[in-house]
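File shown: entry_6.txt. Contents: compact mmCIF, C-alpha atoms.
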# COMPACT_ATOMS: atom_id res chain seq x y z
CA MET W 1 -78.03 -276.32 -130.75
CA LYS W 2 -78.46 -274.83 -127.27
CA THR W 3 -74.75 -273.91 -127.24
CA ILE W 4 -75.01 -272.09 -130.58
CA THR W 5 -78.12 -270.19 -129.42
CA ALA W 6 -76.39 -269.16 -126.19
CA LYS W 7 -73.39 -267.84 -128.13
CA ILE W 8 -75.66 -265.79 -130.40
CA ILE W 9 -77.41 -264.26 -127.38
CA ILE W 10 -74.07 -263.41 -125.75
CA LEU W 11 -72.80 -261.80 -128.96
CA LEU W 12 -76.02 -259.80 -129.28
CA VAL W 13 -75.71 -258.51 -125.70
CA VAL W 14 -72.05 -257.55 -126.29
CA PHE W 15 -73.04 -255.76 -129.51
CA LEU W 16 -75.82 -253.83 -127.80
CA VAL W 17 -73.60 -252.81 -124.86
CA SER W 18 -70.80 -251.84 -127.26
CA GLY W 19 -73.23 -249.88 -129.42
CA TYR W 20 -74.58 -248.06 -126.36
CA ALA W 21 -71.04 -247.11 -125.34
CA GLN W 22 -70.24 -245.85 -128.80
CA HIS W 23 -73.38 -243.77 -129.24
CA LYS W 24 -73.78 -241.74 -126.06
CA SER W 25 -75.67 -238.48 -126.58
CA PHE W 26 -77.19 -235.57 -124.70
CA THR W 27 -79.01 -232.35 -125.60
CA VAL W 28 -78.49 -228.67 -124.87
CA ARG W 29 -80.72 -225.68 -125.47
CA VAL W 30 -79.25 -222.44 -126.80
CA LYS W 31 -81.33 -219.26 -126.87
CA ASN W 32 -80.86 -215.85 -128.43
CA PRO W 33 -82.46 -213.50 -125.85
CA ASN W 34 -82.33 -210.49 -128.20
CA GLU W 35 -84.96 -208.91 -130.43
CA PHE W 36 -82.66 -209.11 -133.48
CA ALA W 37 -81.14 -211.93 -135.51
CA VAL W 38 -77.61 -213.09 -134.67
CA LYS W 39 -75.43 -214.39 -137.49
CA ASP W 40 -72.46 -216.61 -136.61
CA GLY W 41 -73.33 -216.47 -132.94
CA TYR W 42 -70.39 -217.95 -131.02
CA PHE W 43 -70.97 -219.86 -127.80
CA THR W 44 -69.15 -222.51 -125.78
CA LEU W 45 -70.17 -225.91 -124.46
CA ARG W 46 -68.58 -227.85 -121.63
CA LEU W 47 -67.98 -231.54 -122.34
CA GLU W 48 -66.79 -234.12 -119.87
CA SER W 49 -64.28 -235.59 -122.32
CA VAL W 50 -63.45 -235.95 -125.99
CA GLN W 51 -62.17 -239.51 -125.87
CA ASP W 52 -64.46 -240.34 -128.80
CA ASN W 53 -65.22 -238.19 -131.81
CA PHE W 54 -68.56 -236.43 -131.69
CA ILE W 55 -71.06 -234.46 -133.71
CA ILE W 56 -73.22 -231.48 -132.78
CA ALA W 57 -76.51 -231.50 -134.64
CA GLU W 58 -79.54 -229.27 -134.96
CA GLY W 59 -82.06 -231.58 -136.58
CA ASP W 60 -80.42 -232.85 -139.77
CA ASN W 61 -77.79 -230.10 -139.80
CA TYR W 62 -74.33 -230.58 -138.30
CA LEU W 63 -72.82 -227.50 -136.66
CA PRO W 64 -69.12 -226.65 -136.90
CA TYR W 65 -67.17 -226.69 -133.65
CA GLN W 66 -63.68 -226.26 -132.28
CA ILE W 67 -62.12 -227.65 -129.13
CA THR W 68 -60.73 -224.42 -127.75
CA SER W 69 -59.14 -225.20 -124.40
CA ALA W 70 -59.08 -227.67 -121.57
CA GLU W 71 -60.70 -226.34 -118.39
CA SER W 72 -60.95 -227.78 -114.91
CA GLY W 73 -63.62 -230.44 -114.86
CA GLY W 74 -64.10 -230.69 -118.62
CA ILE W 75 -63.37 -229.55 -122.15
CA CYS W 76 -64.45 -226.23 -123.67
CA VAL W 77 -65.87 -226.43 -127.20
CA GLY W 78 -66.66 -223.37 -129.30
CA VAL W 79 -69.66 -223.53 -131.66
CA THR W 80 -71.20 -221.12 -134.17
CA ALA W 81 -74.82 -220.95 -135.34
CA ASP W 82 -77.28 -218.43 -136.78
CA PHE W 83 -80.25 -217.37 -134.66
CA LYS W 84 -83.51 -215.62 -135.44
CA PRO W 85 -84.79 -213.02 -132.96
CA ASN W 86 -85.56 -214.73 -129.61
CA GLU W 87 -84.95 -218.14 -131.19
CA GLU W 88 -84.16 -221.19 -129.07
CA LYS W 89 -82.35 -224.13 -130.63
CA THR W 90 -82.10 -227.69 -129.33
CA LEU W 91 -78.77 -229.29 -130.12
CA VAL W 92 -77.87 -232.96 -129.84
CA ILE W 93 -74.28 -233.88 -129.03
CA THR W 94 -73.48 -237.48 -129.92
CA TYR W 95 -70.27 -239.35 -129.12
CA ASP W 96 -69.32 -242.13 -131.51
CA SER W 97 -65.96 -243.88 -131.52
CA GLY W 98 -66.63 -244.95 -135.09
CA LEU W 99 -66.80 -241.39 -136.44
CA ARG W 100 -63.97 -239.80 -138.32
CA LYS W 101 -62.43 -236.73 -136.76
CA ALA W 102 -64.51 -233.76 -137.89
CA LYS W 103 -62.98 -231.21 -140.25
CA PHE W 104 -64.55 -227.82 -140.83
CA LYS W 105 -63.81 -224.92 -143.13
CA SER W 106 -61.28 -222.50 -141.65
CA ARG W 107 -62.99 -219.18 -140.99
CA THR W 108 -60.32 -217.57 -138.80
CA TYR W 109 -56.55 -217.45 -139.06
CA ALA W 110 -53.55 -216.18 -137.10
CA GLU W 111 -49.90 -216.14 -138.03
CA LEU W 112 -46.46 -214.81 -137.29
CA ALA W 113 -44.04 -215.13 -140.21
CA MET W 114 -40.38 -214.20 -139.86
CA LYS W 115 -36.83 -214.62 -141.12
CA PRO W 116 -34.10 -216.61 -139.36
CA VAL W 117 -32.83 -214.74 -136.30
CA ASP W 118 -29.21 -215.36 -137.32
CA SER W 119 -29.65 -213.42 -140.58
CA TYR W 120 -29.19 -210.04 -138.87
CA TYR W 121 -26.44 -207.62 -139.86
CA GLU W 122 -26.12 -203.88 -140.49
CA GLY W 123 -29.48 -203.20 -138.83
CA LYS W 124 -31.58 -205.55 -141.01
CA PHE W 125 -32.68 -209.16 -141.07
CA ARG W 126 -31.66 -210.51 -144.46
CA GLY W 127 -33.22 -213.05 -146.79
CA ASN W 128 -36.03 -213.42 -149.32
CA THR W 129 -38.33 -215.79 -147.44
CA PHE W 130 -40.53 -215.65 -144.36
CA PHE W 131 -41.48 -218.82 -142.48
CA ASN W 132 -44.32 -219.27 -140.00
CA VAL W 133 -43.65 -219.90 -136.31
CA THR W 134 -46.03 -220.80 -133.48
CA ASP W 135 -43.89 -219.24 -130.74
CA ILE W 136 -40.78 -217.09 -130.48
CA LYS W 137 -38.79 -215.06 -128.01
CA VAL W 138 -38.40 -211.79 -129.86
CA PRO W 139 -34.70 -211.05 -130.53
CA ALA W 140 -33.37 -208.25 -128.33
CA VAL W 141 -31.99 -206.40 -131.38
CA HIS W 142 -35.38 -206.25 -133.11
CA THR W 143 -36.83 -202.82 -133.82
CA ASP W 144 -39.20 -201.21 -136.29
CA HIS W 145 -38.59 -201.60 -140.04
CA ASP W 146 -35.75 -204.10 -139.68
CA ALA W 147 -37.54 -206.67 -141.93
CA LEU W 148 -37.65 -209.45 -139.32
CA PHE W 149 -41.41 -210.06 -139.48
CA LYS W 150 -43.80 -210.20 -142.41
CA TYR W 151 -45.91 -207.02 -142.16
CA GLU W 152 -43.98 -206.12 -138.97
CA GLY W 153 -45.67 -208.53 -136.57
CA PRO W 154 -48.48 -211.03 -136.05
CA GLY W 155 -51.79 -210.91 -137.89
CA TRP W 156 -55.21 -212.38 -137.13
CA GLU W 157 -58.44 -212.35 -139.10
CA SER W 158 -61.96 -213.50 -139.75
CA GLU W 159 -63.50 -213.34 -143.21
CA LYS W 160 -64.69 -209.80 -142.45
CA VAL W 161 -61.52 -208.01 -141.36
CA GLY W 162 -57.86 -208.50 -140.52
CA TYR W 163 -55.69 -206.93 -137.82
CA ARG W 164 -51.99 -206.84 -137.06
CA PHE W 165 -49.82 -205.32 -134.40
CA TYR W 166 -46.27 -204.08 -134.52
CA LEU W 167 -44.19 -206.53 -132.51
CA ASP W 168 -41.63 -203.89 -131.53
CA TRP W 169 -41.42 -200.76 -129.36
CA ARG W 170 -44.52 -199.28 -131.05
CA ASN W 171 -46.80 -202.17 -129.98
CA ALA W 172 -49.81 -200.65 -131.77
CA ILE W 173 -52.70 -202.34 -133.60
CA ASP W 174 -53.55 -201.69 -137.27
CA ILE W 175 -56.33 -202.73 -139.69
CA PHE W 176 -56.38 -204.71 -142.94
CA GLY W 177 -59.57 -203.75 -144.78
CA LYS W 178 -61.08 -206.50 -146.95
CA LYS W 179 -63.03 -206.20 -150.18
CA LYS W 180 -63.86 -209.92 -150.13
CA ASP W 181 -65.29 -212.21 -147.43
CA GLN W 182 -62.30 -214.54 -147.25
CA LEU W 183 -59.09 -215.25 -145.35
CA ILE W 184 -56.15 -213.44 -146.93
CA LEU W 185 -53.30 -212.96 -144.47
CA ALA W 186 -51.28 -216.01 -145.49
CA GLY W 187 -50.65 -214.33 -148.85
CA VAL W 188 -50.12 -210.76 -147.63
CA GLY W 189 -46.62 -209.27 -147.70
CA VAL W 190 -44.82 -212.49 -148.66
CA HIS W 191 -42.49 -210.61 -151.02
CA ASP W 192 -42.08 -207.50 -148.85
CA THR W 193 -38.73 -208.63 -147.48
CA VAL W 194 -36.90 -205.30 -147.26
CA ALA W 195 -39.46 -203.35 -145.14
CA GLN W 196 -39.82 -200.64 -147.76
CA ASP W 197 -42.73 -199.77 -150.11
CA ASP W 198 -44.71 -202.73 -148.80
CA SER W 199 -47.35 -204.02 -151.21
CA TYR W 200 -50.24 -203.94 -148.70
CA HIS W 201 -49.94 -200.15 -148.45
CA SER W 202 -51.52 -199.92 -151.90
CA MET W 203 -54.83 -201.41 -153.03
CA GLN W 204 -54.72 -205.14 -153.79
CA GLU W 205 -57.44 -207.43 -155.13
CA TRP W 206 -58.37 -208.37 -151.54
CA GLY W 207 -58.03 -204.85 -150.03
CA MET W 208 -55.18 -203.12 -148.17
CA ASP W 209 -53.80 -201.71 -144.93
CA ILE W 210 -56.37 -198.94 -144.51
CA PHE W 211 -55.36 -197.33 -141.22
CA LYS W 212 -52.73 -194.84 -140.07
CA VAL W 213 -51.59 -195.54 -136.53
CA GLY W 214 -48.51 -193.32 -135.99
CA ASN W 215 -47.89 -192.78 -132.27
CA SER W 216 -51.57 -193.06 -131.34
CA LEU W 217 -53.49 -195.90 -129.69
CA GLY W 218 -54.49 -197.04 -133.17
CA ILE W 219 -57.48 -199.32 -132.67
CA GLY W 220 -57.64 -200.96 -129.26
CA SER W 221 -53.92 -200.76 -128.48
CA PHE W 222 -53.06 -200.67 -124.79
CA GLY W 223 -50.81 -198.90 -122.34
CA MET W 224 -50.95 -197.10 -119.00
CA MET W 225 -51.70 -193.52 -117.98
CA VAL W 226 -48.71 -192.21 -116.02
CA ASP W 227 -48.62 -188.56 -114.86
CA GLY W 228 -51.36 -187.68 -117.35
CA LYS W 229 -49.64 -189.26 -120.38
CA VAL W 230 -50.15 -192.57 -122.18
CA VAL W 231 -47.16 -194.89 -121.84
CA MET W 232 -47.24 -197.67 -124.44
CA VAL W 233 -45.72 -201.11 -123.86
CA SER W 234 -42.44 -200.00 -125.40
CA LYS W 235 -39.61 -200.60 -122.95
CA THR W 236 -39.41 -204.25 -121.89
CA GLU W 237 -36.75 -206.71 -120.77
CA SER W 238 -38.06 -209.32 -123.24
CA ILE W 239 -41.14 -210.40 -125.20
CA TYR W 240 -42.47 -213.89 -125.84
CA PHE W 241 -45.09 -214.56 -128.52
CA GLU W 242 -47.34 -217.62 -129.01
CA ILE W 243 -50.18 -218.68 -131.30
CA LYS W 244 -52.57 -220.42 -128.91
CA GLU W 245 -55.40 -221.33 -131.29
CA ASN W 246 -55.82 -221.23 -135.06
CA GLY W 247 -59.26 -221.85 -136.47
CA PRO W 248 -61.59 -223.01 -137.83
CA LEU W 249 -63.90 -220.92 -135.60
CA LYS W 250 -61.50 -219.07 -133.33
CA SER W 251 -57.91 -217.86 -133.51
CA GLU W 252 -55.97 -216.47 -130.57
CA ILE W 253 -52.50 -215.05 -130.06
CA LYS W 254 -50.75 -214.51 -126.75
CA THR W 255 -47.96 -212.03 -126.10
CA THR W 256 -46.10 -211.83 -122.79
CA TYR W 257 -44.14 -208.67 -122.01
CA PHE W 258 -41.57 -209.10 -119.25
CA GLU W 259 -40.50 -206.15 -117.10
CA TRP W 260 -42.49 -203.47 -118.90
CA ASN W 261 -41.01 -200.21 -117.69
CA THR W 262 -43.65 -197.50 -117.32
CA GLY W 263 -41.15 -194.96 -116.00
CA LYS W 264 -42.15 -195.49 -112.37
CA GLN W 265 -42.68 -199.23 -112.04
CA ASN W 266 -42.07 -202.51 -113.89
CA PHE W 267 -44.84 -204.98 -114.75
CA ASN W 268 -45.20 -208.34 -116.42
CA LEU W 269 -48.15 -208.19 -118.80
CA GLU W 270 -49.90 -210.90 -120.82
CA SER W 271 -52.23 -210.01 -123.71
CA ARG W 272 -54.51 -212.53 -125.43
CA LEU W 273 -56.08 -211.29 -128.67
CA SER W 274 -58.77 -213.47 -130.24
CA ILE W 275 -61.31 -213.39 -133.07
CA THR W 276 -64.19 -215.71 -134.02
CA ALA W 277 -65.74 -216.72 -137.34
CA GLY W 278 -67.81 -214.09 -139.12
CA SER W 279 -66.98 -211.40 -136.56
CA ARG W 280 -65.34 -207.99 -136.78
CA MET W 281 -64.65 -208.07 -133.05
CA THR W 282 -61.28 -208.76 -131.44
CA LYS W 283 -61.25 -209.53 -127.73
CA ASN W 284 -58.23 -208.55 -125.65
CA GLU W 285 -57.79 -210.28 -122.29
CA ILE W 286 -55.03 -208.69 -120.23
CA ASN W 287 -53.38 -210.15 -117.15
CA ILE W 288 -50.85 -207.89 -115.43
CA SER W 289 -48.67 -208.36 -112.37
CA GLY W 290 -48.70 -206.16 -109.29
CA ASP W 291 -51.53 -203.76 -108.60
CA PRO W 292 -51.56 -201.25 -111.48
CA GLN W 293 -53.76 -198.21 -111.10
CA ASN W 294 -55.00 -198.36 -114.67
CA ILE W 295 -54.79 -199.82 -118.14
CA VAL W 296 -55.75 -197.60 -121.06
CA THR W 297 -56.98 -198.36 -124.54
CA GLY W 298 -58.64 -196.23 -127.18
CA LEU W 299 -58.87 -195.00 -130.76
CA ALA W 300 -56.71 -192.84 -133.00
CA LYS W 301 -58.04 -189.34 -133.69
CA PHE W 302 -58.64 -188.15 -137.24
CA PRO W 303 -59.93 -184.74 -138.38
CA GLY W 304 -63.44 -184.79 -139.74
CA THR W 305 -64.59 -187.93 -137.95
CA TYR W 306 -67.68 -188.18 -135.78
CA PHE W 307 -67.06 -189.34 -132.19
CA PHE W 308 -69.88 -190.88 -130.12
CA LYS W 309 -70.51 -193.19 -127.16
CA GLY W 310 -72.86 -196.01 -126.35
CA ASP W 311 -75.72 -195.45 -123.94
CA GLY W 312 -77.91 -197.59 -121.70
CA LYS W 313 -77.61 -198.81 -118.11
CA GLU W 314 -76.15 -202.26 -118.77
CA GLU W 315 -72.55 -203.32 -118.19
CA TRP W 316 -71.00 -203.10 -121.66
CA SER W 317 -70.70 -199.79 -123.51
CA TYR W 318 -68.44 -198.32 -126.21
CA ILE W 319 -66.73 -195.33 -127.76
CA ALA W 320 -66.67 -195.05 -131.54
CA LEU W 321 -65.52 -192.98 -134.50
CA TYR W 322 -67.01 -192.86 -137.99
CA GLY W 323 -65.92 -190.99 -141.07
CA ASN W 324 -63.05 -190.33 -143.44
CA GLN W 325 -60.18 -191.95 -141.58
CA THR W 326 -58.56 -194.37 -144.01
CA LEU W 327 -55.47 -194.28 -146.21
CA VAL W 328 -57.55 -195.11 -149.29
CA SER W 329 -59.04 -191.74 -150.22
CA GLU W 330 -60.43 -188.58 -148.68
CA ASN W 331 -64.00 -189.84 -149.05
CA ASP W 332 -63.50 -193.43 -147.86
CA LYS W 333 -65.55 -194.26 -144.76
CA LEU W 334 -64.49 -196.39 -141.79
CA GLY W 335 -66.06 -197.06 -138.43
CA ILE W 336 -63.98 -198.10 -135.41
CA ALA W 337 -64.98 -198.79 -131.81
CA VAL W 338 -63.79 -200.05 -128.43
CA PHE W 339 -66.20 -201.91 -126.11
CA PHE W 340 -65.51 -201.83 -122.35
CA ARG W 341 -67.15 -202.74 -119.05
CA LYS W 342 -68.61 -199.69 -117.32
CA SER W 343 -67.88 -201.19 -113.91
CA LYS W 344 -64.17 -201.01 -114.78
CA LEU W 345 -64.24 -197.48 -116.24
CA ILE W 346 -62.19 -194.89 -114.35
CA GLU W 347 -62.66 -192.06 -116.82
CA PHE W 348 -62.61 -190.97 -120.44
CA ALA W 349 -59.70 -188.84 -121.58
CA GLU W 350 -58.06 -187.64 -124.75
CA ASP W 351 -54.80 -186.21 -125.97
CA SER W 352 -53.71 -184.79 -129.31
CA LEU W 353 -53.49 -188.29 -130.84
CA SER W 354 -56.16 -190.51 -129.26
CA TYR W 355 -59.51 -190.86 -127.57
CA ILE W 356 -58.73 -192.77 -124.36
CA VAL W 357 -60.64 -195.21 -122.16
CA LYS W 358 -59.01 -195.55 -118.73
CA LEU W 359 -59.86 -198.84 -117.01
CA LYS W 360 -59.18 -200.34 -113.59
CA PRO W 361 -57.92 -203.96 -113.60
CA GLU W 362 -59.39 -206.28 -110.99
CA LYS W 363 -56.82 -208.66 -109.49
CA GLY W 364 -54.61 -207.83 -112.43
CA LYS W 365 -57.24 -208.69 -115.08
CA ILE W 366 -59.10 -206.56 -117.58
CA ASP W 367 -60.81 -207.34 -120.89
CA TYR W 368 -62.29 -205.31 -123.71
CA TYR W 369 -63.15 -205.60 -127.42
CA PHE W 370 -62.48 -203.53 -130.52
CA CYS W 371 -63.79 -203.63 -134.08
CA ALA W 372 -63.53 -202.02 -137.49
CA ALA W 373 -66.15 -201.76 -140.25
CA TRP W 374 -65.02 -200.52 -143.70
CA GLU W 375 -67.50 -199.33 -146.30
CA GLN W 376 -65.72 -201.31 -149.07
CA GLU W 377 -66.31 -204.66 -147.35
CA GLN W 378 -68.31 -207.16 -149.36
CA ASN W 379 -71.90 -206.57 -148.16
CA GLY W 380 -70.42 -204.14 -145.63
CA ILE W 381 -71.62 -201.27 -143.48
CA LYS W 382 -72.09 -198.28 -145.77
CA ASN W 383 -73.02 -195.31 -143.57
CA LEU W 384 -73.19 -193.92 -140.04
CA ASP W 385 -76.72 -195.17 -139.33
CA GLU W 386 -75.77 -198.73 -140.30
CA PHE W 387 -72.63 -198.51 -138.16
CA LYS W 388 -74.61 -197.27 -135.15
CA ASN W 389 -77.11 -200.09 -135.60
CA TYR W 390 -74.27 -202.63 -135.75
CA LEU W 391 -72.67 -201.22 -132.59
CA ASN W 392 -75.94 -201.13 -130.67
CA GLU W 393 -76.75 -204.73 -131.57
CA THR W 394 -73.21 -205.80 -130.66
CA GLN W 395 -73.51 -203.95 -127.35
CA SER W 396 -76.82 -205.72 -126.67
CA LEU W 397 -75.30 -209.11 -127.49
CA LEU W 398 -72.42 -208.49 -125.07
CA ASN W 399 -74.90 -207.56 -122.37
CA ASN W 400 -77.33 -210.35 -123.27
CA PRO W 401 -75.22 -213.20 -124.68
CA LEU W 402 -76.53 -216.47 -126.05
CA ILE W 403 -77.86 -218.64 -123.22
CA VAL W 404 -76.72 -222.28 -123.04
CA VAL W 405 -78.65 -224.75 -120.86
CA ARG W 406 -77.83 -228.45 -120.69
CA ASN W 407 -80.92 -230.66 -120.40

Structure re-expressed in structure tokens:
Amino acid sequence: MKTITAKIIILLVVFLVSGYAQHKSFTVRVKNPNEFAVKDGYFTLRLESVQDNFIIAEGDNYLPYQITSAESGGICVGVTADFKPNEEKTLVITYDSGLRKAKFKSRTYAELAMKPVDSYYEGKFRGNTFFNVTDIKVPAVHTDHDALFKYEGPGWESEKVGYRFYLDWRNAIDIFGKKKDQLILAGVGVHDTVAQDDSYHSMQEWGMDIFKVGNSLGIGSFGMMVDGKVVMVSKTESIYFEIKENGPLKSEIKTTYFEWNTGKQNFNLESRLSITAGSRMTKNEINISGDPQNIVTGLAKFPGTYFFKGDGKEEWSYIALYGNQTLVSENDKLGIAVFFRKSKLIEFAEDSLSYIVKLKPEKGKIDYYFCAAWEQEQNGIKNLDEFKNYLNETQSLLNNPLIVVRN
């Protein structure tokens, strides 16, 4: 009898120790320091490991998360939550080896769809099907309108808006306007295999390509000011493209340009474009070799639009345009903006095509954001006052981001 009792006690101790190991938890506090509500506020947590599955809870509600990247000394996890003005939330992170791996609704998406590289002849890539790739060295023969890529390059999106850039000598960023709050890029342009009369240039159920880029800086495209002129990232030795992250809360694409020839000097440049759930904002993080004097970004000019700048003494500011600047109709309204750090601003400039923000990289690094807000969005921004309010709140959130404190 004593032997049986001893075994039961030992088993109970093992169970309790095992249960303790499986159910480790800690809390963090996250505060919105702003006087306005923040919807889909994105913030990151640092975890020591993800050996076990885990949940992030606010009371009885589980928050969606995404393991975004491994960093020195831990793991970076992106989280989204809604905040009231000045609200502070207490979150409980619980590890449990018995949990299933969490799955959350995809709210961002990035893709690059292309044809086989060996299908090229007579100046075109042939075939009736695009297939998705996660990385690719761009073929040296590739140029504009040769039908290699679906909608001419990579695309990335949240539910609010989609963007693409031309993965060729133009290297400019364009806008997909959305009439519905949903992800749409996987189905866009799948039958446009001859690079002519592409379907997304006319109105679809979901929306359309609403922006005319031409030879301008489009929205947030980048280059360098050389002898008073903007030089785009056009002449390169080679280009390598990668999808680094793909939802549910953040998608990111990375493009590396080798031996970019600016006319006076060659540079290696890396661009990381990312978007988070529920956001119109794309972040561009640039890393460039050497010691460049500047990197420029900006916005395409359109007649009849209203140009304005952010104010205030804090670090982040913006330039913006609002008005009739879409391909939809003469009375269709669109707002576009670029956010930049004032400490990195060299000067504002403009040419016949673009409003220009000239920035100074620090140790080869510079970052900025851009965004678009179309009046035909579902529950979208309908006028200039609403667009200004959106920009000013976004500027405040950049200057006063959500505060994360681990207890």

Please list as a PDB file with C-alpha atoms, in the coordinates of the input every residue within 10 Å of Lys178 in chain W, counting only C-alpha atoms and excluding residues in the same chain fewer than 4 positions away.
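What landed in selection.pdb:
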ATOM      1  CA  GLU W 159     -63.500-213.340-143.210  1.00  0.00           C
ATOM      2  CA  LYS W 160     -64.690-209.800-142.450  1.00  0.00           C
ATOM      3  CA  VAL W 161     -61.520-208.010-141.360  1.00  0.00           C
ATOM      4  CA  GLY W 162     -57.860-208.500-140.520  1.00  0.00           C
ATOM      5  CA  GLN W 182     -62.300-214.540-147.250  1.00  0.00           C
ATOM      6  CA  LEU W 183     -59.090-215.250-145.350  1.00  0.00           C
ATOM      7  CA  ILE W 184     -56.150-213.440-146.930  1.00  0.00           C
ATOM      8  CA  GLN W 204     -54.720-205.140-153.790  1.00  0.00           C
ATOM      9  CA  GLU W 205     -57.440-207.430-155.130  1.00  0.00           C
ATOM     10  CA  TRP W 206     -58.370-208.370-151.540  1.00  0.00           C
ATOM     11  CA  GLY W 207     -58.030-204.850-150.030  1.00  0.00           C
ATOM     12  CA  MET W 208     -55.180-203.120-148.170  1.00  0.00           C
ATOM     13  CA  ASP W 209     -53.800-201.710-144.930  1.00  0.00           C
ATOM     14  CA  ILE W 210     -56.370-198.940-144.510  1.00  0.00           C
ATOM     15  CA  ALA W 373     -66.150-201.760-140.250  1.00  0.00           C
ATOM     16  CA  TRP W 374     -65.020-200.520-143.700  1.00  0.00           C
ATOM     17  CA  GLU W 375     -67.500-199.330-146.300  1.00  0.00           C
ATOM     18  CA  GLN W 376     -65.720-201.310-149.070  1.00  0.00           C
ATOM     19  CA  GLU W 377     -66.310-204.660-147.350  1.00  0.00           C
ATOM     20  CA  GLN W 378     -68.310-207.160-149.360  1.00  0.00           C
ATOM     21  CA  GLY W 380     -70.420-204.140-145.630  1.00  0.00           C
TER      22      GLY W 380
END

Mind running range 137-256 of chain W against range 318-331 of chain W at 12 Å and telling me each contacting residue's nearest atom pair with the distance in Å (one decimal), counting only C-alpha atoms, chain and number ascending, as a Markdown table?
| residue | atom | partner | partner_atom | distance |
| --- | --- | --- | --- | --- |
| W:Asp174 | CA | W:Thr326 | CA | 11.1 |
| W:Ile175 | CA | W:Thr326 | CA | 9.7 |
| W:Phe176 | CA | W:Thr326 | CA | 10.6 |
| W:Gly177 | CA | W:Thr326 | CA | 9.5 |
| W:Tyr200 | CA | W:Leu327 | CA | 11.3 |
| W:His201 | CA | W:Leu327 | CA | 8.4 |
| W:Ser202 | CA | W:Val328 | CA | 8.1 |
| W:Met203 | CA | W:Val328 | CA | 7.8 |
| W:Gln204 | CA | W:Val328 | CA | 11.4 |
| W:Gly207 | CA | W:Val328 | CA | 9.8 |
| W:Met208 | CA | W:Val328 | CA | 8.4 |
| W:Asp209 | CA | W:Leu327 | CA | 7.7 |
| W:Ile210 | CA | W:Leu327 | CA | 5.0 |
| W:Phe211 | CA | W:Thr326 | CA | 5.2 |
| W:Lys212 | CA | W:Leu327 | CA | 6.7 |
| W:Val213 | CA | W:Thr326 | CA | 10.3 |
| W:Gly218 | CA | W:Gln325 | CA | 11.4 |
| W:Ile219 | CA | W:Ala320 | CA | 10.2 |
| W:Gly220 | CA | W:Ile319 | CA | 10.8 |

Just to be explicit: take each residue in the selection above, keep C-alpha atoms, and write the result as a PDB file, in the frame of the given file.
ATOM      1  CA  ASP W 174     -53.550-201.690-137.270  1.00  0.00           C
ATOM      2  CA  ILE W 175     -56.330-202.730-139.690  1.00  0.00           C
ATOM      3  CA  PHE W 176     -56.380-204.710-142.940  1.00  0.00           C
ATOM      4  CA  GLY W 177     -59.570-203.750-144.780  1.00  0.00           C
ATOM      5  CA  TYR W 200     -50.240-203.940-148.700  1.00  0.00           C
ATOM      6  CA  HIS W 201     -49.940-200.150-148.450  1.00  0.00           C
ATOM      7  CA  SER W 202     -51.520-199.920-151.900  1.00  0.00           C
ATOM      8  CA  MET W 203     -54.830-201.410-153.030  1.00  0.00           C
ATOM      9  CA  GLN W 204     -54.720-205.140-153.790  1.00  0.00           C
ATOM     10  CA  GLY W 207     -58.030-204.850-150.030  1.00  0.00           C
ATOM     11  CA  MET W 208     -55.180-203.120-148.170  1.00  0.00           C
ATOM     12  CA  ASP W 209     -53.800-201.710-144.930  1.00  0.00           C
ATOM     13  CA  ILE W 210     -56.370-198.940-144.510  1.00  0.00           C
ATOM     14  CA  PHE W 211     -55.360-197.330-141.220  1.00  0.00           C
ATOM     15  CA  LYS W 212     -52.730-194.840-140.070  1.00  0.00           C
ATOM     16  CA  VAL W 213     -51.590-195.540-136.530  1.00  0.00           C
ATOM     17  CA  GLY W 218     -54.490-197.040-133.170  1.00  0.00           C
ATOM     18  CA  ILE W 219     -57.480-199.320-132.670  1.00  0.00           C
ATOM     19  CA  GLY W 220     -57.640-200.960-129.260  1.00  0.00           C
TER      20      GLY W 220
END

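Taking CA of Arg46 in chain W and CA of Ser396 in chain W as endpoints, the distance between them is 24.1 Å.
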
Among listed residues W:Lys229, W:Lys301, W:Arg29, W:Lys333, nearest Asn407 in chain W (using all atoms listed in the file): W:Arg29

Report the distance between CA of Ile239 in chain W and CA of Asn287 in chain W in Å, rounded to one decimal place.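 Taking CA of Ile239 in chain W and CA of Asn287 in chain W, their separation equals 14.7 Å.
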
Nearest candidate to Phe258 in chain W (options W:Trp316, W:Lys137, W:Lys105, W:Glu245; using only C-alpha atoms):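 Using only C-alpha atoms, the shortest distance to Phe258 in chain W belongs to W:Lys137.
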
Which is closest to Tyr368 in chain W among W:Phe267, W:Phe222, W:Phe302, W:Phe387, if we use only C-alpha atoms?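 Of the candidates, the smallest distance to Tyr368 in chain W is held by W:Phe222.
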
Do you have the CA of Met225 in chain W-CA of His145 in chain W distance handy? 26.9 Å

Write out as a PyMOL selection string which residues come within 10 Å of Ser199 in chain W when counting only C-alpha atoms, dropping same-chain ones fewer than 6 positions away. chain W and resi 151+188-192+208-209
